[in-house]
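A.B. asks: One file: query.cif (mmCIF, C-alpha atoms (C1' of nucleotides)).
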```
data_data
loop_
_atom_site.label_atom_id
_atom_site.label_comp_id
_atom_site.auth_asym_id
_atom_site.auth_seq_id
_atom_site.Cartn_x
_atom_site.Cartn_y
_atom_site.Cartn_z
CA MET A 1 8.43 -9.60 -14.58
CA THR A 2 5.92 -7.14 -15.95
CA LEU A 3 2.88 -7.14 -13.73
CA ASN A 4 -0.59 -6.73 -15.09
CA ILE A 5 -1.26 -3.35 -13.55
CA GLY A 6 -2.11 -1.56 -16.78
CA PRO A 7 -5.84 -2.29 -16.82
CA ARG A 8 -6.01 -1.45 -13.14
CA LEU A 9 -4.52 2.00 -13.72
CA ARG A 10 -6.76 2.59 -16.71
CA ALA A 11 -9.84 1.68 -14.68
CA VAL A 12 -8.84 3.95 -11.82
CA ARG A 13 -8.07 6.82 -14.16
CA LYS A 14 -11.39 6.53 -15.97
CA GLN A 15 -13.30 6.24 -12.72
CA ASN A 16 -11.93 9.67 -11.92
CA GLY A 17 -12.83 11.05 -15.32
CA LEU A 18 -9.28 11.86 -16.39
CA SER A 19 -7.62 11.55 -19.78
CA GLN A 20 -4.07 10.22 -20.08
CA ARG A 21 -2.79 13.71 -20.78
CA GLU A 22 -4.69 15.33 -17.93
CA LEU A 23 -3.48 12.71 -15.47
CA ALA A 24 0.06 13.05 -16.81
CA ARG A 25 -0.06 16.80 -16.38
CA ARG A 26 -1.24 16.52 -12.76
CA ALA A 27 1.30 13.84 -12.00
CA GLY A 28 4.20 15.59 -13.69
CA VAL A 29 4.97 12.81 -16.14
CA THR A 30 4.44 12.56 -19.89
CA ASN A 31 1.32 11.14 -21.45
CA ALA A 32 3.52 8.53 -23.09
CA THR A 33 4.37 7.14 -19.68
CA VAL A 34 0.73 6.76 -18.75
CA SER A 35 -0.03 5.11 -22.08
CA LEU A 36 2.88 2.68 -21.82
CA ILE A 37 1.96 1.67 -18.29
CA GLU A 38 -1.69 1.17 -19.13
CA SER A 39 -0.85 -1.04 -22.08
CA ASN A 40 1.57 -3.08 -19.97
CA ASN A 41 4.35 -2.11 -22.35
CA ILE A 42 6.68 -1.15 -19.54
CA ASN A 43 7.27 -2.21 -15.98
CA PRO A 44 7.24 1.16 -14.23
CA SER A 45 9.44 2.01 -11.31
CA VAL A 46 7.73 2.32 -7.96
CA GLY A 47 8.55 6.01 -7.94
CA SER A 48 6.93 6.77 -11.26
CA LEU A 49 3.85 4.73 -10.43
CA LYS A 50 3.57 6.68 -7.20
CA ARG A 51 3.83 9.96 -9.10
CA VAL A 52 1.09 8.88 -11.46
CA LEU A 53 -1.15 7.81 -8.58
CA ASP A 54 -0.50 11.11 -6.81
CA GLY A 55 -2.21 12.77 -9.75
CA ILE A 56 -5.44 10.91 -9.09
CA PRO A 57 -4.84 10.95 -6.08
CA MET A 58 -4.60 7.41 -4.75
CA GLY A 59 -2.15 5.65 -2.46
CA LEU A 60 -0.04 2.69 -3.51
CA SER A 61 -1.65 0.51 -0.89
CA GLU A 62 -5.11 1.28 -2.18
CA PHE A 63 -3.94 0.76 -5.74
CA PHE A 64 -2.61 -2.70 -4.95
CA ALA A 65 -5.55 -3.64 -2.75
CA PHE A 66 -7.02 -5.41 -5.77
CA GLU A 67 -4.35 -8.09 -5.77
CA MET A 68 -6.08 -9.85 -2.88
CA PRO A 69 -8.36 -12.41 -4.54
CA GLU A 70 -5.68 -15.15 -4.30
CA ASP A 71 -7.66 -17.41 -1.98
CA ALA A 72 -11.37 -17.93 -2.01
CA GLU A 73 -13.94 -16.29 0.19
CA GLN A 74 -13.45 -15.81 3.88
CA LYS A 75 -15.70 -16.06 6.87
CA VAL A 76 -18.03 -13.08 7.23
CA PHE A 77 -20.11 -13.51 10.37
CA PHE A 78 -18.79 -14.01 13.88
CA PRO A 79 -21.26 -14.80 16.69
CA ALA A 80 -20.32 -13.29 20.05
CA ASN A 81 -19.42 -16.70 21.47
CA GLU A 82 -17.01 -17.39 18.61
CA LEU A 83 -14.84 -14.36 19.19
CA VAL A 84 -11.33 -15.51 19.98
CA GLU A 85 -10.24 -14.77 23.53
CA ILE A 86 -6.62 -13.65 23.65
CA GLY A 87 -6.62 -11.87 27.00
CA ARG A 88 -3.84 -11.57 29.55
CA GLY A 89 -3.20 -9.68 32.76
CA GLY A 90 -6.60 -8.21 33.55
CA ILE A 91 -7.19 -7.29 29.94
CA SER A 92 -9.38 -9.37 27.67
CA TYR A 93 -9.03 -9.06 23.91
CA ARG A 94 -11.82 -10.76 22.03
CA GLN A 95 -10.74 -10.89 18.40
CA VAL A 96 -13.07 -11.05 15.42
CA GLY A 97 -11.83 -14.00 13.36
CA VAL A 98 -9.01 -16.44 13.95
CA ASP A 99 -6.84 -16.32 10.86
CA LEU A 100 -5.99 -12.77 9.90
CA THR A 101 -3.72 -13.57 6.96
CA GLY A 102 -5.04 -11.75 3.94
CA ARG A 103 -7.02 -9.36 6.10
CA ALA A 104 -6.24 -5.69 6.30
CA LEU A 105 -8.19 -5.09 9.46
CA GLN A 106 -8.20 -6.42 13.00
CA ILE A 107 -11.21 -5.72 15.17
CA LEU A 108 -11.08 -6.30 18.91
CA ASP A 109 -13.77 -6.18 21.58
CA GLU A 110 -11.54 -5.22 24.53
CA ARG A 111 -12.38 -5.38 28.26
CA TYR A 112 -10.09 -3.79 30.84
CA GLY A 113 -10.61 -4.82 34.45
CA PRO A 114 -10.33 -2.05 37.09
CA GLY A 115 -6.69 -0.95 37.22
CA ALA A 116 -5.71 -3.00 34.16
CA ASP A 117 -2.72 -1.53 32.33
CA THR A 118 -0.81 -2.39 29.17
CA GLY A 119 2.36 -1.56 31.10
CA LYS A 120 4.98 1.05 31.70
CA ILE A 121 6.95 0.01 28.63
CA LEU A 122 5.04 1.77 25.89
CA LEU A 123 3.79 -0.17 22.88
CA ARG A 124 5.06 0.58 19.38
CA HIS A 125 4.39 -1.18 16.11
CA GLU A 126 3.64 -0.43 12.48
CA GLY A 127 0.14 0.46 11.36
CA GLU A 128 -2.66 2.63 12.58
CA GLU A 129 -5.23 2.08 15.28
CA ALA A 130 -8.46 3.63 16.42
CA ALA A 131 -11.25 2.88 18.86
CA VAL A 132 -14.45 4.00 20.52
CA VAL A 133 -14.97 3.65 24.27
CA ILE A 134 -18.25 1.92 25.08
CA SER A 135 -18.22 2.03 28.86
CA GLY A 136 -15.85 2.84 31.74
CA ARG A 137 -12.97 5.27 31.84
CA LEU A 138 -9.76 4.60 29.88
CA GLU A 139 -6.57 6.58 30.24
CA VAL A 140 -4.80 6.70 26.88
CA THR A 141 -1.17 7.75 26.47
CA VAL A 142 0.10 8.54 22.96
CA GLY A 143 3.53 10.09 22.58
CA ASP A 144 3.63 12.84 25.18
CA GLN A 145 -0.13 13.23 25.31
CA VAL A 146 -2.31 11.70 28.04
CA ARG A 147 -6.07 11.77 28.10
CA THR A 148 -8.86 9.98 29.93
CA LEU A 149 -11.73 8.89 27.71
CA GLY A 150 -15.29 8.01 28.70
CA PRO A 151 -18.22 6.36 26.92
CA GLY A 152 -18.58 7.58 23.34
CA ASP A 153 -15.11 9.11 23.23
CA ALA A 154 -12.66 7.88 20.62
CA TYR A 155 -9.03 7.94 19.59
CA GLN A 156 -7.03 7.34 16.44
CA PHE A 157 -3.26 7.48 15.90
CA ASP A 158 -0.25 6.09 14.08
CA SER A 159 0.85 3.02 16.04
CA ARG A 160 4.51 3.90 15.64
CA GLN A 161 3.98 6.49 18.32
CA PRO A 162 4.60 4.91 21.73
CA HIS A 163 1.29 4.26 23.45
CA ARG A 164 -0.31 2.78 26.56
CA PHE A 165 -3.79 2.06 27.88
CA ARG A 166 -4.99 1.97 31.48
CA ASN A 167 -8.38 1.57 33.13
CA VAL A 168 -8.46 4.34 35.72
CA GLY A 169 -12.10 3.83 36.73
CA GLU A 170 -13.75 1.68 39.38
CA GLU A 171 -15.74 -0.38 36.91
CA PRO A 172 -14.69 -2.53 33.92
CA CYS A 173 -13.97 -0.65 30.74
CA ARG A 174 -15.09 -1.82 27.31
CA VAL A 175 -13.55 -0.61 24.04
CA ILE A 176 -14.09 -1.56 20.41
CA SER A 177 -10.81 -1.08 18.60
CA ALA A 178 -9.49 -1.51 15.08
CA CYS A 179 -5.93 -1.90 13.85
CA THR A 180 -4.45 -1.99 10.39
CA PRO A 181 -2.66 -4.12 9.49
CA PRO A 182 -3.09 -6.98 11.95
CA SER A 183 -0.05 -6.92 14.18
CA PHE A 184 -0.20 -8.84 17.39
CA MET B 1 11.42 10.36 -7.61
CA THR B 2 13.10 7.76 -5.44
CA LEU B 3 10.77 6.83 -2.64
CA ASN B 4 12.00 6.04 0.83
CA ILE B 5 11.10 2.36 0.74
CA GLY B 6 14.56 1.03 1.53
CA PRO B 7 14.26 1.04 5.32
CA ARG B 8 10.81 -0.43 5.06
CA LEU B 9 12.08 -3.38 3.02
CA ARG B 10 15.02 -3.86 5.36
CA ALA B 11 12.71 -3.92 8.38
CA VAL B 12 10.37 -6.41 6.76
CA ARG B 13 13.24 -8.65 5.68
CA LYS B 14 14.82 -8.68 9.14
CA GLN B 15 11.47 -9.30 10.81
CA ASN B 16 11.38 -12.50 8.78
CA GLY B 17 14.92 -13.45 9.70
CA LEU B 18 16.30 -13.38 6.17
CA SER B 19 19.67 -12.21 4.86
CA GLN B 20 19.87 -10.18 1.66
CA ARG B 21 21.26 -13.19 -0.18
CA GLU B 22 18.66 -15.60 1.14
CA LEU B 23 15.82 -13.25 0.23
CA ALA B 24 17.37 -12.68 -3.18
CA ARG B 25 17.61 -16.42 -3.77
CA ARG B 26 13.95 -16.98 -2.85
CA ALA B 27 12.85 -14.02 -4.92
CA GLY B 28 14.95 -14.89 -7.96
CA VAL B 29 16.90 -11.65 -8.02
CA THR B 30 20.50 -10.87 -7.15
CA ASN B 31 21.64 -9.83 -3.69
CA ALA B 32 22.89 -6.60 -5.24
CA THR B 33 19.34 -5.68 -6.12
CA VAL B 34 18.19 -6.15 -2.55
CA SER B 35 21.10 -4.13 -1.25
CA LEU B 36 20.54 -1.29 -3.68
CA ILE B 37 16.85 -1.09 -2.91
CA GLU B 38 17.40 -1.13 0.84
CA SER B 39 19.92 1.68 0.64
CA ASN B 40 17.59 3.75 -1.55
CA ASN B 41 20.25 3.72 -4.25
CA ILE B 42 17.77 2.77 -6.93
CA ASN B 43 14.12 3.30 -7.61
CA PRO B 44 13.02 -0.27 -8.29
CA SER B 45 10.44 -1.22 -10.86
CA VAL B 46 7.13 -2.40 -9.52
CA GLY B 47 7.82 -5.82 -10.97
CA SER B 48 11.13 -6.30 -9.24
CA LEU B 49 9.78 -5.04 -5.94
CA LYS B 50 6.95 -7.52 -6.28
CA ARG B 51 9.42 -10.34 -6.95
CA VAL B 52 11.40 -9.40 -3.87
CA LEU B 53 8.28 -9.26 -1.72
CA ASP B 54 7.18 -12.64 -3.10
CA GLY B 55 10.28 -14.06 -1.46
CA ILE B 56 9.14 -12.98 1.99
CA PRO B 57 6.22 -13.41 1.15
CA MET B 58 4.26 -10.18 1.41
CA GLY B 59 1.80 -8.42 -0.88
CA LEU B 60 2.40 -4.99 -2.35
CA SER B 61 -0.67 -3.63 -0.63
CA GLU B 62 0.57 -4.79 2.74
CA PHE B 63 4.03 -3.43 2.00
CA PHE B 64 2.65 0.01 1.20
CA ALA B 65 0.14 -0.01 4.02
CA PHE B 66 2.44 2.30 5.95
CA GLU B 67 3.19 5.06 3.51
CA MET B 68 4.86 7.68 5.62
CA PRO B 69 2.30 10.20 6.86
CA GLU B 70 4.32 12.95 5.10
CA ASP B 71 2.95 15.70 7.31
CA ALA B 72 3.46 15.94 11.03
CA GLU B 73 1.28 14.65 13.78
CA GLN B 74 -2.45 14.34 13.58
CA LYS B 75 -5.21 14.65 16.09
CA VAL B 76 -5.35 11.72 18.49
CA PHE B 77 -8.26 12.19 20.87
CA PHE B 78 -11.88 12.71 19.89
CA PRO B 79 -14.40 13.53 22.63
CA ALA B 80 -17.85 12.05 22.07
CA ASN B 81 -19.35 15.46 21.29
CA GLU B 82 -16.74 16.12 18.59
CA LEU B 83 -17.55 13.09 16.50
CA VAL B 84 -18.67 14.22 13.08
CA GLU B 85 -22.30 13.47 12.38
CA ILE B 86 -22.82 12.32 8.81
CA GLY B 87 -26.16 10.60 9.16
CA ARG B 88 -28.99 10.30 6.66
CA GLY B 89 -32.26 8.44 6.38
CA GLY B 90 -32.71 7.01 9.86
CA ILE B 91 -29.06 6.07 10.09
CA SER B 92 -26.56 8.14 12.01
CA TYR B 93 -22.86 7.78 11.25
CA ARG B 94 -20.69 9.47 13.83
CA GLN B 95 -17.19 9.56 12.40
CA VAL B 96 -13.99 9.70 14.40
CA GLY B 97 -12.05 12.61 12.92
CA VAL B 98 -12.91 15.02 10.13
CA ASP B 99 -10.06 14.86 7.67
CA LEU B 100 -9.21 11.30 6.77
CA THR B 101 -6.49 12.05 4.23
CA GLY B 102 -3.39 10.22 5.27
CA ARG B 103 -5.37 7.88 7.47
CA ALA B 104 -5.67 4.20 6.78
CA LEU B 105 -8.60 3.63 9.04
CA GLN B 106 -12.10 5.03 9.38
CA ILE B 107 -13.97 4.37 12.61
CA LEU B 108 -17.72 5.00 12.84
CA ASP B 109 -20.10 4.94 15.78
CA GLU B 110 -23.26 3.99 13.89
CA ARG B 111 -26.89 4.18 15.11
CA TYR B 112 -29.68 2.61 13.11
CA GLY B 113 -33.20 3.68 13.99
CA PRO B 114 -35.90 0.94 14.00
CA GLY B 115 -36.38 -0.17 10.39
CA ALA B 116 -33.43 1.84 9.09
CA ASP B 117 -31.93 0.34 5.94
CA THR B 118 -28.97 1.15 3.70
CA GLY B 119 -31.21 0.29 0.76
CA LYS B 120 -32.07 -2.33 -1.77
CA ILE B 121 -29.20 -1.33 -4.04
CA LEU B 122 -26.33 -3.09 -2.42
CA LEU B 123 -23.17 -1.19 -1.50
CA ARG B 124 -19.82 -1.97 -3.08
CA HIS B 125 -16.46 -0.27 -2.77
CA GLU B 126 -12.79 -1.09 -2.35
CA GLY B 127 -11.35 -1.96 1.02
CA GLU B 128 -12.32 -4.08 3.94
CA GLU B 129 -14.77 -3.47 6.72
CA ALA B 130 -15.58 -4.98 10.08
CA ALA B 131 -17.71 -4.17 13.09
CA VAL B 132 -19.05 -5.25 16.45
CA VAL B 133 -22.73 -4.85 17.35
CA ILE B 134 -23.18 -3.08 20.70
CA SER B 135 -26.96 -3.16 21.03
CA GLY B 136 -30.05 -3.97 19.00
CA ARG B 137 -30.45 -6.39 16.13
CA LEU B 138 -28.84 -5.79 12.75
CA GLU B 139 -29.53 -7.78 9.62
CA VAL B 140 -26.38 -7.96 7.51
CA THR B 141 -26.36 -9.03 3.86
CA VAL B 142 -23.00 -9.88 2.25
CA GLY B 143 -22.98 -11.43 -1.20
CA ASP B 144 -25.60 -14.16 -1.02
CA GLN B 145 -25.37 -14.54 2.74
CA VAL B 146 -27.83 -12.95 5.18
CA ARG B 147 -27.52 -13.01 8.93
CA THR B 148 -29.02 -11.18 11.88
CA LEU B 149 -26.53 -10.10 14.51
CA GLY B 150 -27.15 -9.18 18.15
CA PRO B 151 -25.06 -7.51 20.87
CA GLY B 152 -21.47 -8.77 20.86
CA ASP B 153 -21.74 -10.32 17.43
CA ALA B 154 -19.38 -9.15 14.71
CA TYR B 155 -18.73 -9.26 10.99
CA GLN B 156 -15.78 -8.71 8.67
CA PHE B 157 -15.62 -8.89 4.88
CA ASP B 158 -14.10 -7.52 1.70
CA SER B 159 -16.12 -4.45 0.78
CA ARG B 160 -16.10 -5.36 -2.91
CA GLN B 161 -18.75 -7.89 -2.09
CA PRO B 162 -22.19 -6.28 -2.38
CA HIS B 163 -23.56 -5.58 1.08
CA ARG B 164 -26.46 -4.05 2.98
CA PHE B 165 -27.44 -3.30 6.58
CA ARG B 166 -30.89 -3.17 8.14
CA ASN B 167 -32.18 -2.70 11.68
CA VAL B 168 -34.78 -5.46 12.03
CA GLY B 169 -35.38 -4.92 15.76
CA GLU B 170 -37.84 -2.72 17.65
CA GLU B 171 -35.16 -0.69 19.38
CA PRO B 172 -32.30 1.42 18.02
CA CYS B 173 -29.21 -0.49 16.99
CA ARG B 174 -25.67 0.66 17.73
CA VAL B 175 -22.61 -0.60 15.89
CA ILE B 176 -18.92 0.31 16.05
CA SER B 177 -17.46 -0.21 12.60
CA ALA B 178 -14.08 0.15 10.93
CA CYS B 179 -13.22 0.50 7.26
CA THR B 180 -9.93 0.53 5.42
CA PRO B 181 -9.21 2.55 3.44
CA PRO B 182 -11.61 5.43 4.15
CA SER B 183 -14.10 5.46 1.31
CA PHE B 184 -17.27 7.37 1.81
"C1'" DT C 1 -13.99 20.18 -47.00
"C1'" DA C 2 -10.84 21.54 -44.01
"C1'" DA C 3 -9.24 23.35 -39.82
"C1'" DG C 4 -8.95 22.68 -35.02
"C1'" DC C 5 -8.86 20.10 -30.88
"C1'" DG C 6 -8.73 16.10 -28.05
"C1'" DC C 7 -7.87 11.33 -27.62
"C1'" DG C 8 -4.42 7.22 -27.27
"C1'" DT C 9 -0.26 5.23 -29.60
"C1'" DT C 10 4.45 4.90 -31.37
"C1'" DC C 11 9.44 6.19 -31.98
"C1'" DA C 12 14.58 7.37 -30.91
"C1'" DC C 13 17.44 8.40 -27.43
"C1'" DG C 14 19.41 9.67 -22.88
"C1'" DA C 15 18.74 8.10 -18.06
"C1'" DT C 16 18.25 4.41 -14.99
"C1'" DC C 17 17.71 -0.28 -13.51
"C1'" DC C 18 19.39 -4.96 -12.65
"C1'" DT C 19 22.89 -8.30 -13.14
"C1'" DG C 20 27.22 -11.04 -12.30
"C1'" DA C 21 31.39 -10.48 -10.17
"C1'" DA C 22 34.40 -8.61 -7.17
"C1'" DC C 23 35.28 -6.29 -2.70
"C1'" DA C 24 35.65 -5.46 2.51
"C1'" DC C 25 34.21 -6.79 6.99
"C1'" DT C 26 32.90 -10.00 10.95
"C1'" DG C 27 32.67 -14.18 13.56
"C1'" DT C 28 33.84 -19.32 14.00
"C1'" DG C 29 36.68 -23.39 14.13
"C1'" DC C 30 41.09 -25.48 14.08
"C1'" DG D 1 47.74 -17.51 12.86
"C1'" DC D 2 44.84 -19.11 8.79
"C1'" DA D 3 40.94 -20.76 6.22
"C1'" DC D 4 36.27 -20.32 5.65
"C1'" DA D 5 31.51 -19.13 5.53
"C1'" DG D 6 28.56 -15.60 6.42
"C1'" DT D 7 27.21 -10.67 6.08
"C1'" DG D 8 26.37 -6.10 3.24
"C1'" DT D 9 28.49 -2.99 -0.42
"C1'" DT D 10 30.41 -1.52 -4.85
"C1'" DC D 11 31.42 -1.73 -9.90
"C1'" DA D 12 31.02 -2.20 -15.38
"C1'" DG D 13 27.85 -3.09 -18.73
"C1'" DG D 14 23.75 -4.84 -21.22
"C1'" DA D 15 18.72 -4.37 -20.67
"C1'" DT D 16 14.91 -1.49 -19.75
"C1'" DC D 17 12.55 2.75 -18.47
"C1'" DG D 18 10.81 7.55 -19.19
"C1'" DT D 19 10.98 11.51 -22.14
"C1'" DG D 20 9.85 14.82 -25.98
"C1'" DA D 21 8.07 14.73 -30.37
"C1'" DA D 22 5.66 12.91 -33.96
"C1'" DC D 23 1.67 10.10 -35.69
"C1'" DG D 24 -3.17 8.52 -36.71
"C1'" DC D 25 -7.84 8.69 -35.53
"C1'" DG D 26 -12.47 10.66 -34.25
"C1'" DC D 27 -15.24 14.58 -33.12
"C1'" DT D 28 -16.87 19.45 -33.52
"C1'" DT D 29 -17.21 23.80 -36.02
"C1'" DA D 30 -16.96 26.82 -39.76
#
```
In structure tokens, what does this structure look like?
C.D. replies:
Amino acid sequence: MTLNIGPRLRAVRKQNGLSQRELARRAGVTNATVSLIESNNINPSVGSLKRVLDGIPMGLSEFFAFEMPEDAEQKVFFPANELVEIGRGGISYRQVGVDLTGRALQILDERYGPGADTGKILLRHEGEEAAVVISGRLEVTVGDQVRTLGPGDAYQFDSRQPHRFRNVGEEPCRVISACTPPSF
Amino acid sequence: MTLNIGPRLRAVRKQNGLSQRELARRAGVTNATVSLIESNNINPSVGSLKRVLDGIPMGLSEFFAFEMPEDAEQKVFFPANELVEIGRGGISYRQVGVDLTGRALQILDERYGPGADTGKILLRHEGEEAAVVISGRLEVTVGDQVRTLGPGDAYQFDSRQPHRFRNVGEEPCRVISACTPPSF
DNA sequence: TAAGCGCGTTCACGATCCTGAACACTGTGC
DNA sequence: GCACAGTGTTCAGGATCGTGAACGCGCTTA
């Protein structure tokens, strides 16, 4: 099971203007390793591929992002009235797109009614999330930090940290948020 | 260089309700291999990890989407006046956060002046991007598709497709966008 | 022409992976 | 109690990886 990652590595390396030896030196491997990988003559271990990519530098996820094309093209445009409503309990999540398989990004147009709250039991999941507050006042709890955000304010954190959202204002609160990967 | 991917594989496998043997059978490897990987006792080759993930199934990119942040905690809250202005040519990109290394997500609060345009030469880069239009009218070109979006409308596409944005309205246009991975 | 330097490739060998088989443990049914 | 089917772990050994060193080629400079 030797994957065809050689050309991919070669392309990435050349894009960054590195020779095999220079990349090998930065990565702490031998130039032979780089050569063998690029020519698909070996099936590198995850660890050694990671070391090589560190020399670029590039993450494994980014490196493998090219293996997506599997299925054909996906929907691109989403009119406001086609956003998928997945709200519950005073909170409305309007999701861009229905089927998120194969997507690396989930965008939500969120509306919190006055007093709406994701609950005392803090949320936790894999991935990363970020958002910008459009209107209203949102109290955001992340780990042991609490902060109230207003229009134009933003947050971003690792979703494995326990978190919670609460509309502490009198009016509805609107937030545009993004998660990666889709986990809902 | 044995990476700490064992727990990650174990978590993914259990999330899908599979035993080591069942996963091994689907993947075409031995249960010993799964066990050894999960306990970090070996540094698997990329090929064998791919085979194992095929049995779930899950892509390598998705699997590596949560490379451990390595360093400690990062900034979480970003007041509106601390967003980093990286605008040019009638377009203002206000970025959430300064240093994006280690982040998997880039959130921008974008403002397009009337007539602002990302240019005739279409953009292309790795990753995926998505956004929701807050106000104004934005003409979005993706591949051979063109569409004008208004408030509440959204888009999402693979950034390797050539793309372009243009404010075709009389008033300023505001968009909240997300990209993964950060590439700017 | 020849020396010098950089490039990518190839080779032999020690280190490591991956397998097939056994092992120990737990829970279920009779 | 015992058999049995399920779980995850451990072990010897052939297959493969990754290294250090050599090789061949093209370019620049003297």
A.B. asks: Taking only C-alpha atoms (C1' of nucleotides) into account, name the residue in B:Val175, B:Leu18, B:Leu9, B:Leu49 that is nearest to chain C.
C.D. replies: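 Selected residue with least distance to chain C: B:Leu49.
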A.B. asks: Just the number, please: distance in Å from atom CA of B:Gly59 to atom CA of A:Ile5, one decimal.
C.D. replies: 14.0 Å
A.B. asks: Report as a list in words the residues that result from applying the PyMOL selection byres ((chain D) within 12 of (chain B)) to the structure here.
C.D. replies: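 Applying the expression gives DG6, DT7, DG8, DT9, DT10, DC11, DT16, DC17 and DG18 of chain D.
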A.B. asks: Could you jot down the atom CA of B:Glu171 to atom CA of B:Leu149 separation for me, Å, one decimal place?
C.D. replies: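 A separation of 13.7 Å between them.
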A.B. asks: So what does the PyMOL selection byres ((chain C) within 9 of (chain B)) actually pick up in this one, as a PDB file with C-alpha atoms (C1' of nucleotides), in the frame of the given file?
C.D. replies:
```
ATOM      1  C1'  DT C  16      18.250   4.410 -14.990  1.00  0.00           C
ATOM      2  C1'  DC C  17      17.710  -0.280 -13.510  1.00  0.00           C
ATOM      3  C1'  DC C  18      19.390  -4.960 -12.650  1.00  0.00           C
ATOM      4  C1'  DT C  19      22.890  -8.300 -13.140  1.00  0.00           C
ATOM      5  C1'  DG C  20      27.220 -11.040 -12.300  1.00  0.00           C
TER       6       DG C  20
END
```
A.B. asks: If we count only C-alpha atoms (C1' of nucleotides), what is near D:DA3 at a cut-off of 12 Å, once residues fewer than 5 positions away on the same chain are taken out, given as number ranges by chain?
C.D. replies: C: 28-30
A.B. asks: Rank A:Ala116, A:Val146, A:Leu23, A:Ile56 by their smallest atom-to-atom distance to chain B, using only C-alpha atoms, and report the top residue only.
C.D. replies: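 For chain B, the nearest of the candidates is A:Val146.
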A.B. asks: Quick check, in Å to one decimal: how far apart do atom CA of A:Pro114 and atom CA of A:Leu138 lie?
C.D. replies: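 Value for the atom CA of A:Pro114-atom CA of A:Leu138 distance: 9.8 Å.
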A.B. asks: Once the PyMOL selection byres ((chain C and resi 10) around 8) has been applied to the shown file, what residues remain in the selection, as a PDB file with C-alpha atoms (C1' of nucleotides), in the frame of the given file?
C.D. replies:
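Contents of selection_0.pdb, freshly written:
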```
ATOM      1  C1'  DT C   9      -0.260   5.230 -29.600  1.00  0.00           C
ATOM      2  C1'  DC C  11       9.440   6.190 -31.980  1.00  0.00           C
TER       3       DC C  11
ATOM      4  C1'  DC D  23       1.670  10.100 -35.690  1.00  0.00           C
TER       5       DC D  23
END
```
A.B. asks: Have a look at B:Ile107, B:Val12, B:Val142, B:Ala178 and name the one nearest to B:Phe165; count all atoms listed in the file.
C.D. replies: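 When distances to B:Phe165 are compared using all atoms listed in the file, the smallest one comes from B:Val142.
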A.B. asks: Which is closer to chain B than all the others in A:Cys173, A:Val168, A:Ala154, A:Val133, using all atoms listed in the file?
C.D. replies: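 Result for the nearest residue to chain B: A:Ala154.
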A.B. asks: Name the residues in contact with B:Ile134 at a cut-off of 9 Å, using only C-alpha atoms (C1' of nucleotides), excluding same-chain residues fewer than 4 positions from it; report them as an mmCIF file with C-alpha atoms, keeping the file's coordinate frame.
C.D. replies:
```cif
data_model
loop_
_atom_site.group_PDB
_atom_site.id
_atom_site.type_symbol
_atom_site.label_atom_id
_atom_site.label_comp_id
_atom_site.auth_asym_id
_atom_site.auth_seq_id
_atom_site.Cartn_x
_atom_site.Cartn_y
_atom_site.Cartn_z
ATOM 1 C CA ILE A 134 -18.250 1.920 25.080
ATOM 2 C CA GLY B 150 -27.150 -9.180 18.150
ATOM 3 C CA PRO B 151 -25.060 -7.510 20.870
ATOM 4 C CA GLY B 152 -21.470 -8.770 20.860
ATOM 5 C CA ASP B 153 -21.740 -10.320 17.430
ATOM 6 C CA CYS B 173 -29.210 -0.490 16.990
ATOM 7 C CA ARG B 174 -25.670 0.660 17.730
ATOM 8 C CA VAL B 175 -22.610 -0.600 15.890
ATOM 9 C CA ILE B 176 -18.920 0.310 16.050
#
```
